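A.B. asks: Dropping in input38.cif, which is mmCIF, C-alpha atoms:
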```
data_run
#
loop_
_atom_site.group_PDB
_atom_site.id
_atom_site.type_symbol
_atom_site.label_atom_id
_atom_site.label_comp_id
_atom_site.auth_asym_id
_atom_site.auth_seq_id
_atom_site.Cartn_x
_atom_site.Cartn_y
_atom_site.Cartn_z
ATOM 1 C CA MET A 224 42.928 18.394 -41.924
ATOM 2 C CA SER A 225 44.560 15.312 -43.390
ATOM 3 C CA ALA A 226 44.142 11.841 -41.940
ATOM 4 C CA ALA A 227 47.837 11.777 -41.082
ATOM 5 C CA SER A 228 47.705 15.046 -39.127
ATOM 6 C CA ALA A 229 44.530 13.956 -37.329
ATOM 7 C CA PHE A 230 46.077 10.683 -36.207
ATOM 8 C CA SER A 231 46.851 10.589 -32.471
ATOM 9 C CA PRO A 232 49.811 8.655 -31.029
ATOM 10 C CA ARG A 233 47.392 7.500 -28.301
ATOM 11 C CA ALA A 234 45.796 5.244 -30.862
ATOM 12 C CA LEU A 235 48.991 3.164 -30.773
ATOM 13 C CA LEU A 236 49.161 3.257 -26.967
ATOM 14 C CA ALA A 237 45.967 1.296 -26.346
ATOM 15 C CA PRO A 238 46.957 -1.968 -28.126
ATOM 16 C CA VAL A 239 50.423 -1.888 -26.541
ATOM 17 C CA ALA A 240 48.968 -1.347 -23.067
ATOM 18 C CA PHE A 241 46.309 -4.019 -23.632
ATOM 19 C CA ALA A 242 48.970 -6.488 -24.768
ATOM 20 C CA LEU A 243 51.079 -5.879 -21.660
ATOM 21 C CA PHE A 244 48.120 -6.201 -19.300
ATOM 22 C CA SER A 245 47.125 -9.412 -21.079
ATOM 23 C CA LEU A 246 50.679 -10.730 -20.813
ATOM 24 C CA ASN A 247 50.747 -9.954 -17.102
ATOM 25 C CA LEU A 248 47.447 -11.797 -16.599
ATOM 26 C CA SER A 249 48.527 -14.743 -18.754
ATOM 27 C CA LEU A 250 51.916 -15.155 -17.079
ATOM 28 C CA TRP A 251 50.686 -15.228 -13.508
ATOM 29 C CA GLY A 252 47.430 -16.918 -14.515
ATOM 30 C CA VAL A 253 49.382 -19.895 -15.872
ATOM 31 C CA VAL A 254 51.300 -20.140 -12.588
ATOM 32 C CA VAL A 255 48.089 -20.065 -10.556
ATOM 33 C CA THR A 256 46.348 -22.574 -12.853
ATOM 34 C CA LEU A 257 49.243 -25.032 -12.622
ATOM 35 C CA CYS A 258 49.219 -24.674 -8.844
ATOM 36 C CA GLY A 259 45.515 -25.478 -8.874
ATOM 37 C CA ALA A 260 46.073 -28.576 -11.006
ATOM 38 C CA LEU A 261 48.804 -29.845 -8.669
ATOM 39 C CA LYS A 262 46.810 -28.954 -5.580
ATOM 40 C CA ILE A 263 44.198 -31.543 -6.536
ATOM 41 C CA LEU A 264 46.675 -34.263 -5.562
ATOM 42 C CA PRO A 265 45.898 -35.528 -2.026
ATOM 43 C CA LEU A 266 49.276 -34.485 -0.604
ATOM 44 C CA PRO A 267 48.851 -31.904 2.205
ATOM 45 C CA ALA A 268 52.437 -30.606 2.015
ATOM 46 C CA LEU A 269 52.169 -30.136 -1.756
ATOM 47 C CA GLN A 270 48.757 -28.476 -1.394
ATOM 48 C CA ARG A 271 50.149 -25.960 1.124
ATOM 49 C CA ALA A 272 53.145 -25.213 -1.101
ATOM 50 C CA CYS A 273 50.917 -24.736 -4.145
ATOM 51 C CA SER A 274 48.616 -22.439 -2.212
ATOM 52 C CA ARG A 275 51.549 -20.263 -1.093
ATOM 53 C CA LEU A 276 52.938 -20.096 -4.636
ATOM 54 C CA ALA A 277 49.516 -19.247 -6.099
ATOM 55 C CA HIS A 278 48.993 -16.421 -3.626
ATOM 56 C CA TRP A 279 52.493 -15.112 -4.357
ATOM 57 C CA ALA A 280 51.650 -15.078 -8.078
ATOM 58 C CA TYR A 281 48.378 -13.266 -7.298
ATOM 59 C CA ARG A 282 50.311 -10.580 -5.422
ATOM 60 C CA ARG A 283 52.787 -10.219 -8.289
ATOM 61 C CA TRP A 284 49.916 -9.809 -10.742
ATOM 62 C CA SER A 285 48.453 -7.070 -8.538
ATOM 63 C CA TRP A 286 51.788 -5.298 -8.124
ATOM 64 C CA HIS A 287 52.602 -5.347 -11.842
ATOM 65 C CA ASN A 288 49.129 -4.022 -12.659
ATOM 66 C CA ARG A 289 49.955 -0.895 -10.719
ATOM 67 C CA GLN A 290 53.288 -0.542 -12.485
ATOM 68 C CA LEU A 291 51.564 -0.789 -15.860
ATOM 69 C CA ILE A 292 48.843 1.678 -14.901
ATOM 70 C CA GLU A 293 51.464 4.205 -13.820
ATOM 71 C CA LEU A 294 53.649 3.494 -16.856
ATOM 72 C CA PHE A 295 50.921 4.647 -19.227
ATOM 73 C CA ASN A 296 49.082 7.183 -17.052
ATOM 74 C CA PRO A 297 50.015 10.246 -14.950
ATOM 75 C CA VAL A 298 47.711 8.906 -12.250
ATOM 76 C CA GLU A 299 47.256 10.301 -8.754
ATOM 77 C CA TRP A 300 46.012 7.938 -6.042
ATOM 78 C CA GLN A 301 43.808 9.519 -3.368
ATOM 79 C CA LEU A 302 42.925 7.336 -0.397
ATOM 80 C CA SER A 303 41.130 7.951 2.880
ATOM 81 C CA GLY A 304 39.961 5.900 5.876
ATOM 82 C CA LEU A 305 43.015 3.619 6.038
ATOM 83 C CA SER A 306 44.065 4.067 9.674
ATOM 84 C CA GLU A 307 42.035 1.138 11.076
ATOM 85 C CA LEU A 308 42.982 -1.423 8.417
ATOM 86 C CA LYS A 309 45.094 -4.439 9.397
ATOM 87 C CA GLN A 310 46.414 -7.493 7.582
ATOM 88 C CA ASP A 311 45.528 -9.912 10.392
ATOM 89 C CA ARG A 312 41.774 -9.281 10.293
ATOM 90 C CA TRP A 313 38.768 -10.757 8.508
ATOM 91 C CA TYR A 314 36.825 -8.337 6.312
ATOM 92 C CA LEU A 315 33.759 -8.250 4.104
ATOM 93 C CA LEU A 316 34.451 -5.565 1.488
ATOM 94 C CA ILE A 317 31.480 -4.072 -0.325
ATOM 95 C CA SER A 318 31.996 -1.627 -3.160
ATOM 96 C CA ASN A 319 30.342 0.179 -6.012
ATOM 97 C CA HIS A 320 31.311 -1.130 -9.445
ATOM 98 C CA LYS A 321 32.317 1.290 -12.189
ATOM 99 C CA SER A 322 34.757 -0.606 -14.437
ATOM 100 C CA TRP A 323 36.608 -3.898 -14.923
ATOM 101 C CA LEU A 324 39.560 -1.830 -13.678
ATOM 102 C CA ASP A 325 37.954 -1.982 -10.203
ATOM 103 C CA ILE A 326 39.314 -5.501 -9.575
ATOM 104 C CA PRO A 327 42.987 -4.661 -10.306
ATOM 105 C CA VAL A 328 42.592 -1.423 -8.325
ATOM 106 C CA LEU A 329 41.120 -3.172 -5.268
ATOM 107 C CA SER A 330 43.656 -6.018 -5.484
ATOM 108 C CA GLN A 331 46.498 -3.491 -5.503
ATOM 109 C CA PHE A 332 44.877 -1.480 -2.719
ATOM 110 C CA ALA A 333 44.784 -4.617 -0.567
ATOM 111 C CA LEU A 334 48.540 -5.209 -0.780
ATOM 112 C CA ALA A 335 50.222 -4.528 2.594
ATOM 113 C CA ARG A 336 46.919 -3.238 4.031
ATOM 114 C CA ILE A 337 44.360 -6.042 4.288
ATOM 115 C CA PRO A 338 44.299 -9.766 3.477
ATOM 116 C CA GLU A 339 44.211 -10.654 -0.207
ATOM 117 C CA PRO A 340 40.699 -10.190 -1.579
ATOM 118 C CA LYS A 341 38.644 -13.204 -2.621
ATOM 119 C CA PHE A 342 35.302 -13.631 -4.323
ATOM 120 C CA PHE A 343 32.447 -16.035 -3.624
ATOM 121 C CA LEU A 344 32.005 -18.224 -6.704
ATOM 122 C CA LYS A 345 29.139 -20.443 -7.752
ATOM 123 C CA GLU A 346 29.929 -24.087 -7.044
ATOM 124 C CA GLU A 347 29.382 -24.945 -10.723
ATOM 125 C CA LEU A 348 32.493 -22.926 -11.635
ATOM 126 C CA LYS A 349 34.599 -25.420 -9.704
ATOM 127 C CA TRP A 350 34.516 -27.737 -12.732
ATOM 128 C CA VAL A 351 35.206 -25.113 -15.405
ATOM 129 C CA PRO A 352 38.710 -25.583 -16.931
ATOM 130 C CA PHE A 353 41.296 -23.018 -15.786
ATOM 131 C CA ILE A 354 38.762 -20.992 -13.763
ATOM 132 C CA GLY A 355 38.027 -23.855 -11.397
ATOM 133 C CA SER A 356 41.653 -24.892 -10.871
ATOM 134 C CA ALA A 357 42.829 -21.291 -10.456
ATOM 135 C CA SER A 358 40.065 -20.593 -7.933
ATOM 136 C CA TRP A 359 40.953 -23.775 -6.087
ATOM 137 C CA ALA A 360 44.612 -22.698 -5.964
ATOM 138 C CA LEU A 361 43.680 -19.288 -4.541
ATOM 139 C CA ASP A 362 41.305 -20.783 -1.949
ATOM 140 C CA MET A 363 38.315 -18.929 -3.352
ATOM 141 C CA PRO A 364 35.150 -19.876 -1.427
ATOM 142 C CA PHE A 365 32.418 -21.646 -3.375
ATOM 143 C CA MET A 366 28.738 -21.226 -2.619
ATOM 144 C CA LYS A 367 25.823 -23.482 -3.441
ATOM 145 C CA ARG A 368 22.429 -21.808 -3.685
ATOM 146 C CA TYR A 369 19.015 -23.492 -3.785
ATOM 147 C CA SER A 370 16.091 -21.572 -5.240
ATOM 148 C CA GLN A 371 12.804 -21.180 -3.370
ATOM 149 C CA ALA A 372 11.240 -23.536 -5.918
ATOM 150 C CA GLN A 373 13.844 -26.232 -5.165
ATOM 151 C CA VAL A 374 13.311 -25.864 -1.419
ATOM 152 C CA ALA A 375 9.533 -25.997 -1.856
ATOM 153 C CA LYS A 376 9.900 -29.208 -3.837
ATOM 154 C CA ASN A 377 12.366 -30.717 -1.363
ATOM 155 C CA PRO A 378 12.078 -29.181 2.151
ATOM 156 C CA ALA A 379 15.183 -31.133 3.238
ATOM 157 C CA LEU A 380 17.226 -28.586 1.284
ATOM 158 C CA GLN A 381 16.175 -25.831 3.713
ATOM 159 C CA GLY A 382 19.405 -24.264 5.053
ATOM 160 C CA LYS A 383 21.642 -26.685 3.147
ATOM 161 C CA ASP A 384 23.076 -23.915 0.965
ATOM 162 C CA ILE A 385 24.354 -21.994 3.994
ATOM 163 C CA GLU A 386 25.689 -25.192 5.547
ATOM 164 C CA THR A 387 27.556 -26.163 2.357
ATOM 165 C CA THR A 388 29.040 -22.699 1.942
ATOM 166 C CA LYS A 389 30.135 -22.597 5.575
ATOM 167 C CA LYS A 390 32.077 -25.815 5.018
ATOM 168 C CA SER A 391 33.879 -24.263 2.045
ATOM 169 C CA CYS A 392 34.877 -21.362 4.326
ATOM 170 C CA GLU A 393 36.293 -23.529 7.111
ATOM 171 C CA LYS A 394 39.834 -22.881 5.857
ATOM 172 C CA PHE A 395 39.422 -19.177 6.626
ATOM 173 C CA ARG A 396 38.995 -19.699 10.363
ATOM 174 C CA HIS A 397 42.769 -19.580 10.807
ATOM 175 C CA GLN A 398 43.631 -17.537 7.706
ATOM 176 C CA PRO A 399 42.779 -13.800 7.660
ATOM 177 C CA THR A 400 40.620 -13.147 4.627
ATOM 178 C CA THR A 401 38.904 -10.365 2.679
ATOM 179 C CA ILE A 402 35.755 -11.257 0.761
ATOM 180 C CA ILE A 403 34.712 -8.778 -1.953
ATOM 181 C CA ASN A 404 31.121 -8.222 -3.030
ATOM 182 C CA PHE A 405 30.170 -5.767 -5.776
ATOM 183 C CA VAL A 406 26.711 -5.149 -4.393
ATOM 184 C CA GLU A 407 25.239 -3.669 -7.578
ATOM 185 C CA GLY A 408 25.863 -6.958 -9.369
ATOM 186 C CA THR A 409 27.151 -5.289 -12.541
ATOM 187 C CA ARG A 410 29.135 -2.244 -13.684
ATOM 188 C CA PHE A 411 27.457 1.150 -13.557
ATOM 189 C CA THR A 412 26.584 2.832 -16.847
ATOM 190 C CA PRO A 413 24.015 5.555 -17.590
ATOM 191 C CA GLN A 414 22.139 3.046 -19.756
ATOM 192 C CA LYS A 415 21.892 0.510 -16.913
ATOM 193 C CA LYS A 416 20.867 3.279 -14.533
ATOM 194 C CA ARG A 417 17.917 4.137 -16.778
ATOM 195 C CA HIS A 418 17.047 0.495 -17.406
ATOM 196 C CA LYS A 419 16.962 -0.305 -13.685
ATOM 197 C CA ASN A 420 15.207 2.956 -12.770
ATOM 198 C CA SER A 421 17.925 3.632 -10.233
ATOM 199 C CA PRO A 422 16.979 6.217 -7.589
ATOM 200 C CA PHE A 423 20.673 7.117 -7.268
ATOM 201 C CA GLN A 424 22.676 9.618 -9.251
ATOM 202 C CA HIS A 425 25.937 7.671 -9.429
ATOM 203 C CA LEU A 426 24.970 4.108 -8.463
ATOM 204 C CA LEU A 427 22.770 1.207 -9.442
ATOM 205 C CA PRO A 428 20.385 -0.264 -6.849
ATOM 206 C CA ALA A 429 22.106 -2.491 -4.309
ATOM 207 C CA LYS A 430 21.317 -6.207 -4.330
ATOM 208 C CA ALA A 431 20.995 -7.438 -0.769
ATOM 209 C CA GLY A 432 20.782 -11.231 -1.272
ATOM 210 C CA GLY A 433 24.433 -11.932 -2.058
ATOM 211 C CA ILE A 434 25.938 -9.933 0.796
ATOM 212 C CA ALA A 435 23.338 -11.291 3.231
ATOM 213 C CA PHE A 436 24.252 -14.827 2.137
ATOM 214 C CA THR A 437 27.947 -14.050 2.731
ATOM 215 C CA LEU A 438 27.227 -12.696 6.199
ATOM 216 C CA ALA A 439 25.101 -15.750 7.035
ATOM 217 C CA SER A 440 27.962 -18.022 5.940
ATOM 218 C CA MET A 441 30.898 -16.190 7.543
ATOM 219 C CA GLY A 442 29.396 -13.419 9.663
ATOM 220 C CA SER A 443 30.883 -14.558 12.957
ATOM 221 C CA GLN A 444 34.358 -14.563 11.389
ATOM 222 C CA PHE A 445 34.297 -11.009 10.049
ATOM 223 C CA ASP A 446 35.864 -8.303 12.178
ATOM 224 C CA ALA A 447 34.335 -5.510 10.101
ATOM 225 C CA VAL A 448 32.580 -4.549 6.895
ATOM 226 C CA LEU A 449 34.692 -2.291 4.673
ATOM 227 C CA ASP A 450 32.381 -0.008 2.728
ATOM 228 C CA VAL A 451 34.604 1.129 -0.172
ATOM 229 C CA THR A 452 33.685 3.909 -2.569
ATOM 230 C CA LEU A 453 35.539 3.982 -5.898
ATOM 231 C CA ILE A 454 35.624 7.225 -7.878
ATOM 232 C CA TYR A 455 37.368 8.043 -11.145
ATOM 233 C CA PRO A 456 36.567 11.779 -11.141
ATOM 234 C CA ASP A 457 38.266 12.681 -14.433
ATOM 235 C CA ASN A 458 36.993 9.664 -16.363
ATOM 236 C CA PRO A 459 33.187 9.616 -16.296
ATOM 237 C CA GLY A 460 32.899 7.381 -19.356
ATOM 238 C CA HIS A 461 34.872 4.234 -20.187
ATOM 239 C CA VAL A 462 37.445 4.152 -17.389
ATOM 240 C CA ALA A 463 39.325 1.084 -18.627
ATOM 241 C CA LEU A 464 39.609 2.423 -22.177
ATOM 242 C CA ASP A 465 40.795 5.785 -20.867
ATOM 243 C CA MET A 466 43.437 3.956 -18.843
ATOM 244 C CA LEU A 467 44.651 2.065 -21.923
ATOM 245 C CA LEU A 468 44.822 5.384 -23.797
ATOM 246 C CA GLY A 469 46.872 7.026 -21.030
ATOM 247 C CA ARG A 470 44.029 9.296 -19.867
ATOM 248 C CA LEU A 471 43.531 8.027 -16.306
ATOM 249 C CA LYS A 472 44.327 10.940 -13.983
ATOM 250 C CA ARG A 473 42.963 10.114 -10.534
ATOM 251 C CA VAL A 474 41.799 7.054 -8.626
ATOM 252 C CA VAL A 475 39.902 7.804 -5.417
ATOM 253 C CA ILE A 476 39.341 5.101 -2.795
ATOM 254 C CA GLN A 477 37.317 6.039 0.273
ATOM 255 C CA VAL A 478 37.018 3.425 3.022
ATOM 256 C CA GLU A 479 34.549 3.338 5.900
ATOM 257 C CA VAL A 480 34.928 0.619 8.530
ATOM 258 C CA LEU A 481 31.584 -0.677 9.824
ATOM 259 C CA PRO A 482 30.904 -3.063 12.730
ATOM 260 C CA VAL A 483 29.573 -6.584 12.248
ATOM 261 C CA ASP A 484 26.878 -7.440 14.788
ATOM 262 C CA ASP A 485 23.669 -9.427 15.094
ATOM 263 C CA SER A 486 21.652 -6.675 13.430
ATOM 264 C CA ILE A 487 23.136 -7.491 10.000
ATOM 265 C CA ILE A 488 23.393 -11.290 10.350
ATOM 266 C CA GLY A 489 20.361 -13.495 9.806
ATOM 267 C CA ASP A 490 18.346 -15.703 7.489
ATOM 268 C CA TYR A 491 17.646 -13.372 4.587
ATOM 269 C CA PHE A 492 15.609 -15.859 2.573
ATOM 270 C CA ASN A 493 13.336 -17.159 5.328
ATOM 271 C CA ASP A 494 13.057 -14.332 7.870
ATOM 272 C CA PRO A 495 10.923 -11.478 6.435
ATOM 273 C CA ALA A 496 11.604 -9.127 9.362
ATOM 274 C CA TYR A 497 15.361 -9.565 9.029
ATOM 275 C CA ARG A 498 15.155 -9.242 5.246
ATOM 276 C CA GLN A 499 13.395 -5.885 5.520
ATOM 277 C CA ARG A 500 15.810 -4.663 8.204
ATOM 278 C CA PHE A 501 18.838 -5.699 6.182
ATOM 279 C CA GLN A 502 17.534 -4.098 2.981
ATOM 280 C CA GLN A 503 17.005 -0.852 4.871
ATOM 281 C CA TRP A 504 20.557 -1.015 6.256
ATOM 282 C CA LEU A 505 22.094 -1.631 2.830
ATOM 283 C CA ASN A 506 19.928 0.957 1.082
ATOM 284 C CA GLN A 507 20.988 3.557 3.634
ATOM 285 C CA ARG A 508 24.625 2.681 2.963
ATOM 286 C CA TRP A 509 23.957 3.250 -0.739
ATOM 287 C CA VAL A 510 22.263 6.596 -0.072
ATOM 288 C CA THR A 511 25.341 7.674 1.887
ATOM 289 C CA LYS A 512 27.707 6.391 -0.816
ATOM 290 C CA ASP A 513 25.834 8.235 -3.562
ATOM 291 C CA GLN A 514 26.015 11.438 -1.507
ATOM 292 C CA GLN A 515 29.759 10.930 -0.950
ATOM 293 C CA ILE A 516 30.395 10.538 -4.680
ATOM 294 C CA ALA A 517 28.308 13.613 -5.489
ATOM 295 C CA ALA A 518 30.064 15.644 -2.786
ATOM 296 C CA TYR A 519 33.506 14.610 -4.012
ATOM 297 C CA LEU A 520 32.727 15.361 -7.640
ATOM 298 C CA GLY A 521 31.226 18.696 -6.664
ATOM 299 C CA ALA A 522 34.287 19.619 -4.604
ATOM 300 C CA ALA A 523 36.638 18.435 -7.337
ATOM 301 C CA GLU A 524 34.995 20.802 -9.803
ATOM 302 C CA SER A 525 35.284 23.826 -7.499
ATOM 303 C CA PRO A 526 38.342 26.090 -7.052
ATOM 304 C CA LEU A 527 38.582 24.879 -3.446
ATOM 305 C CA SER A 528 39.334 21.312 -4.564
ATOM 306 C CA THR A 529 43.069 21.965 -4.265
ATOM 307 C CA GLU A 530 42.610 22.270 -0.491
ATOM 308 C CA LEU A 531 41.386 18.681 -0.139
ATOM 309 C CA ASP A 532 44.051 16.710 1.698
ATOM 310 C CA CYS A 533 43.238 13.048 1.177
ATOM 311 C CA SER A 534 46.231 11.996 -0.912
ATOM 312 C CA SER A 535 48.194 8.889 -0.104
ATOM 313 C CA SER A 536 50.602 6.664 -1.948
ATOM 314 C CA LEU A 537 48.878 3.435 -3.017
#
```
Transcribe the structure of this file into structure tokens.
C.D. replies:
Amino acid sequence: MSAASAFSPRALLAPVAFALFSLNLSLWGVVVTLCGALKILPLPALQRACSRLAHWAYRRWSWHNRQLIELFNPVEWQLSGLSELKQDRWYLLISNHKSWLDIPVLSQFALARIPEPKFFLKEELKWVPFIGSASWALDMPFMKRYSQAQVAKNPALQGKDIETTKKSCEKFRHQPTTIINFVEGTRFTPQKKRHKNSPFQHLLPAKAGGIAFTLASMGSQFDAVLDVTLIYPDNPGHVALDMLLGRLKRVVIQVEVLPVDDSIIGDYFNDPAYRQRFQQWLNQRWVTKDQQIAAYLGAAESPLSTELDCSSSL
């Protein structure tokens, strides 16, 4: 077979798709960054206007991402557990992490369903060019963490990290918000699964510290925890690359709404009993999630998979 006959038109699709996704990010990213730069000025009316414009640009970025995904892929969106979701609520969204495509997918999923998703950022990022100003424009919460060694050296720092982070979240008291936490801390790959000795088939071990810190900072504001399971059943390898090549076929989003109560709010770093209880709670969620993924993939591979009725328009 000659090189010409072996050449696939999909090889041309990937750079075109990548260029358009990059253009979409650059266009709306510039708008958000400029809003962040202007928002630094101590003019409340201007700050509010910049915040509204930045969030509008964020929504446009999310909406155009979906258009681009569907332009290049014959994708089917399958969603479940949406009936309880509302836009005027406060949510902590925890999710497994399979691909960098997860962020555009979750941002698009949030449109018209829940408040725009935000991420906790390290306070040091506040001073990074572009990232800091864009995060400021989008009202991303910043957290300041002190290590156990720092607290041991200066006991006055005890609890200061939670106090500082709570202050950065004050703006959310009157503004419905969704905070996203990818609990695994990194994207799942078979190599990382082996390296971390993961006990799960489809997940990496869950890291409890970050989500516990979020609950300690904003727990009383959250109406619910959204436990989201992301599955790309036809793309077990490089999901983002498959999407750029036009091979993304299905995106599955399963949502479970969990209550927020005193049993999952506490001082994770200084209360051993709470720490153990919280780790058990999160690990059980991960056991359930791993079973859900395995059950879905098993059903999808069987002849009965056509009877599954969980489709919805994203």
A.B. asks: Can you pull out every residue within 8 Å of Asn247 (chain A), counting all atoms listed in the file, but drop anything in the same chain fewer than 3 positions away, and send it as a PDB file with C-alpha atoms, keeping the file's coordinate frame?
C.D. replies:
```
ATOM      1  CA  LEU A 243      51.079  -5.879 -21.660  1.00  0.00           C
ATOM      2  CA  PHE A 244      48.120  -6.201 -19.300  1.00  0.00           C
ATOM      3  CA  LEU A 250      51.916 -15.155 -17.079  1.00  0.00           C
ATOM      4  CA  TRP A 251      50.686 -15.228 -13.508  1.00  0.00           C
ATOM      5  CA  TRP A 284      49.916  -9.809 -10.742  1.00  0.00           C
ATOM      6  CA  HIS A 287      52.602  -5.347 -11.842  1.00  0.00           C
ATOM      7  CA  ASN A 288      49.129  -4.022 -12.659  1.00  0.00           C
TER       8      ASN A 288
END
```
A.B. asks: Between A:Lys345, A:Met466, A:Asn493, A:Ala517, which is the closest to Leu291 (chain A) once you count all atoms listed in the file?
C.D. replies: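 That would be A:Met466, the residue with the smallest distance to Leu291 (chain A).
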A.B. asks: Could you pull the residues within 9 Å of Leu261 (chain A), counting only C-alpha atoms, minus those fewer than 5 positions along the same chain, as a VMD selection string?
C.D. replies: chain A and resid 256 269 to 270 273 356 360
A.B. asks: Mind giving me the straight-line distance from CA of Ser443 (chain A) to CA of Ile326 (chain A) in Å, one decimal?
C.D. replies: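 Atom-to-atom, CA of Ser443 (chain A) to CA of Ile326 (chain A), that is 25.7 Å.
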A.B. asks: Which one of A:Leu294, A:Val478, A:Leu266, A:Ala435 sits closest to Arg336 (chain A) if you count all atoms listed in the file?
C.D. replies: A:Val478
A.B. asks: Between CA of Val253 (chain A) and CA of His278 (chain A), what distance in Å does the model show, to one decimal?
C.D. replies: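 Straight-line distance from CA of Val253 (chain A) to CA of His278 (chain A) works out to 12.7 Å.
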A.B. asks: Measuring between all atoms listed in the file, which one of A:Arg396, A:Gln502, A:His425, A:Glu293 shows the shortest distance to Gly489 (chain A)?
C.D. replies: A:Gln502
